[in-house]
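Here is the structure we will look at, set down as structure tokens.
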Amino acid sequence: MTPGDEAPAAPKDAWPDIEEGPRPNAQSYWVGLGLAILLTIASFAVAATHGVWAPSVPVLLAVVAIAQMGVHLVFFLHVSSSPDSTNTILALAFGIFVVALVVFGTMIIMENLDAQAVSMEELMRMQR
Amino acid sequence: MTDAGIGSLTVPVAAGIPISERGPASTRTVVSFGFWLFLLSDIVIFSALFAAYAVLSKQTAGGPAGAQLFDLRHVFLETFCLLISSFTCGLCLLAVERRAATRIYAWSIVTLLLGASFVSLEVSEFADMIVHGAGPTRSAFLSAFFALVGTHGMHVTAGLCWLAIMMLQVATLGLRPMVVRRFWCFSLFWHALDLVWIGVFTIVYLGARA
């Protein structure tokens, strides 16, 4: 606990910068911005032009999006391999697990239901 | 970059001491971890909306499909507004670390303007779609689209209100550790929204073309 936490009415700049924790870093923002711009332009170029073999476009888009999310996590959200980030990374891993479970679980179940469902026309024919 | 505490991710005080002997973590570490958990739960909400969109994206009920509705130049502009605002938000946080009040206000206002232009671009896109008969009631695809993109837009709007409040707090409370921590949380929130937007523009807008 910092001593400054308890001082309600001290003047500006009166709190020494001694709190431990993650720190922002100018260089990481510049690198992150450069990489993010490159990857954004790449994904729009892949989708808008026909320069890439069409069946490979969805896979390429997914790869570029995952790479850009990685860039944001490392350079903007300061997720690193330092011991300070251990809990952050564990929580992130659990978050990714839940997201994958929800998204792919829903897609598999709904696809399966859709494949087994009787279409409206067939249902009408059966009632006749 | 003369201050060693700003250049590296950890403060030199902690360096050299084993993590087991450092005692309880600082308030800053605990607060940012707690906020990180909130962000992950927020992302789980978005994952449910993404799942709904993925299931319903082909159910157009005879209405317009994504490829006819979406203007990629419009989306490209929105994406860049949000990406640059994420960057200026980072520069604002650096100014907070250096206790440079003028630069905090300057970068906050730039972030605010870029975020506001993102929201206004999105609102104009929605209005245009609704006027042309492609509102959320037209088809299951459009319901899922408006729910997903609208939720993201509402998060960005809430972030803009938060940033405005942070500027007021810097003016009235000063840069006490509590305000600095809130700025840190705001920057995490803003970057996380940009992270979700990567998913939105890839799956919703570019996916409709692929």
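Here, A, B, ... name the chains of the structure tokens in the order displayed, residue numbers run from 1 inside each chain, and ligands are numbered from 1 in the same displayed order.
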Considering only C-alpha atoms, tabulate each residue of chain B that lies at most 8 Å from chain A along with its nearest interatomic pair and the corresponding distance in Å to one decimal; arrange the rows by chain and ascending residue number and present them as CSV.
```
residue,atom,partner,partner_atom,distance
B:Gly5,CA,A:Arg23,CA,7.6
B:Ile6,CA,A:Arg23,CA,6.2
B:Gly7,CA,A:Asn25,CA,6.0
B:Ser8,CA,A:Arg23,CA,7.0
B:Leu9,CA,A:Arg23,CA,5.0
B:Thr10,CA,A:Pro22,CA,6.0
B:Val11,CA,A:Glu20,CA,5.8
B:Val13,CA,A:Glu20,CA,7.9
B:Ala14,CA,A:Glu20,CA,7.5
B:Ile19,CA,A:Pro83,CA,7.6
B:Ala25,CA,A:Glu20,CA,7.8
B:Ser26,CA,A:Glu20,CA,5.7
B:Thr27,CA,A:Met1,CA,6.3
B:Arg28,CA,A:Gly21,CA,5.7
B:Thr29,CA,A:Gly21,CA,4.9
B:Phe33,CA,A:Thr88,CA,6.4
B:Trp36,CA,A:Thr88,CA,7.2
B:Leu37,CA,A:Ala91,CA,6.9
B:Leu40,CA,A:Gly95,CA,5.8
B:Ser41,CA,A:Gly95,CA,7.5
B:Ile43,CA,A:Val99,CA,7.7
B:Val44,CA,A:Val99,CA,5.7
B:Ser47,CA,A:Val99,CA,5.5
B:Ala48,CA,A:Val102,CA,6.4
B:Phe50,CA,A:Val103,CA,6.9
B:Ala51,CA,A:Val103,CA,4.6
B:Ala52,CA,A:Thr106,CA,7.9
B:Ala54,CA,A:Met107,CA,7.1
B:Val55,CA,A:Met107,CA,6.0
B:Leu72,CA,A:Ala48,CA,7.8
B:Phe76,CA,A:Phe44,CA,7.6
B:Leu83,CA,A:Leu33,CA,7.7
B:Ile84,CA,A:Leu33,CA,7.7
B:Phe87,CA,A:Tyr29,CA,6.4
B:Gly90,CA,A:Tyr29,CA,6.6
B:Leu91,CA,A:Ala26,CA,7.2
B:Leu93,CA,A:Pro24,CA,7.0
B:Leu94,CA,A:Pro24,CA,6.2
B:Glu97,CA,A:Pro24,CA,7.9
B:Arg99,CA,A:Asp13,CA,7.1
B:Gly174,CA,A:Lys12,CA,5.4
B:Leu175,CA,A:Lys12,CA,6.2
B:Arg176,CA,A:Trp15,CA,6.4
B:Pro177,CA,A:Asp5,CA,6.6
B:Met178,CA,A:Asp5,CA,7.0
B:Leu188,CA,A:Leu77,CA,6.1
B:His191,CA,A:Phe76,CA,6.5
B:Ala192,CA,A:Leu77,CA,7.7
B:Leu195,CA,A:Met69,CA,5.9
B:Ile198,CA,A:Ala65,CA,6.4
B:Gly199,CA,A:Ala65,CA,7.0
B:Thr202,CA,A:Ala65,CA,6.7
B:Leu206,CA,A:Ala47,CA,5.8
B:Gly207,CA,A:Pro58,CA,7.0
B:Arg209,CA,A:Ala47,CA,6.4
B:Ala210,CA,A:Pro58,CA,6.1
```
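Minimum atom-to-atom distances from B:Thr79, B:Thr102, B:Thr88, B:Ser143 to Glu122 in chain B were compared using only C-alpha atoms, and the lowest value belongs to B:Thr79.
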* Length of the CA of Arg182 in chain B to CA of Val170 in chain B vector [Å] ->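 Going from CA of Arg182 in chain B over to CA of Val170 in chain B covers 10.5 Å.
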* Asked: Ala116 in chain B: which residues within 8 Å, counting only C-alpha atoms, same-chain residues fewer than 4 positions away excluded, as a PyMOL selection string?
  -> chain B and resi 112+120+157+160
* Residues near His155 in chain B, cut-off 10 Å, only C-alpha atoms, skip fewer than 6 positions along chain, as a PyMOL selection string -> chain B and resi 42+149+161+189-190+193
* Asked: Quick one, how far is CA of Pro24 in chain B from CA of Phe183 in chain B?
  -> 22.4 Å
* Write down as a VMD selection string the residues of range 38-188 of chain B whose backbone DSSP state falls under helix (DSSP H, G or I). => chain B and resid 38 to 56 66 to 69 72 to 97 101 to 131 140 to 173 177 to 188
* **Using only C-alpha atoms: which of B:Val200, B:Leu39, B:Tyr105, B:Leu148 has the shortest distance to Met166 in chain B** =>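 Among B:Val200, B:Leu39, B:Tyr105, B:Leu148, it is B:Tyr105 that comes nearest to Met166 in chain B.
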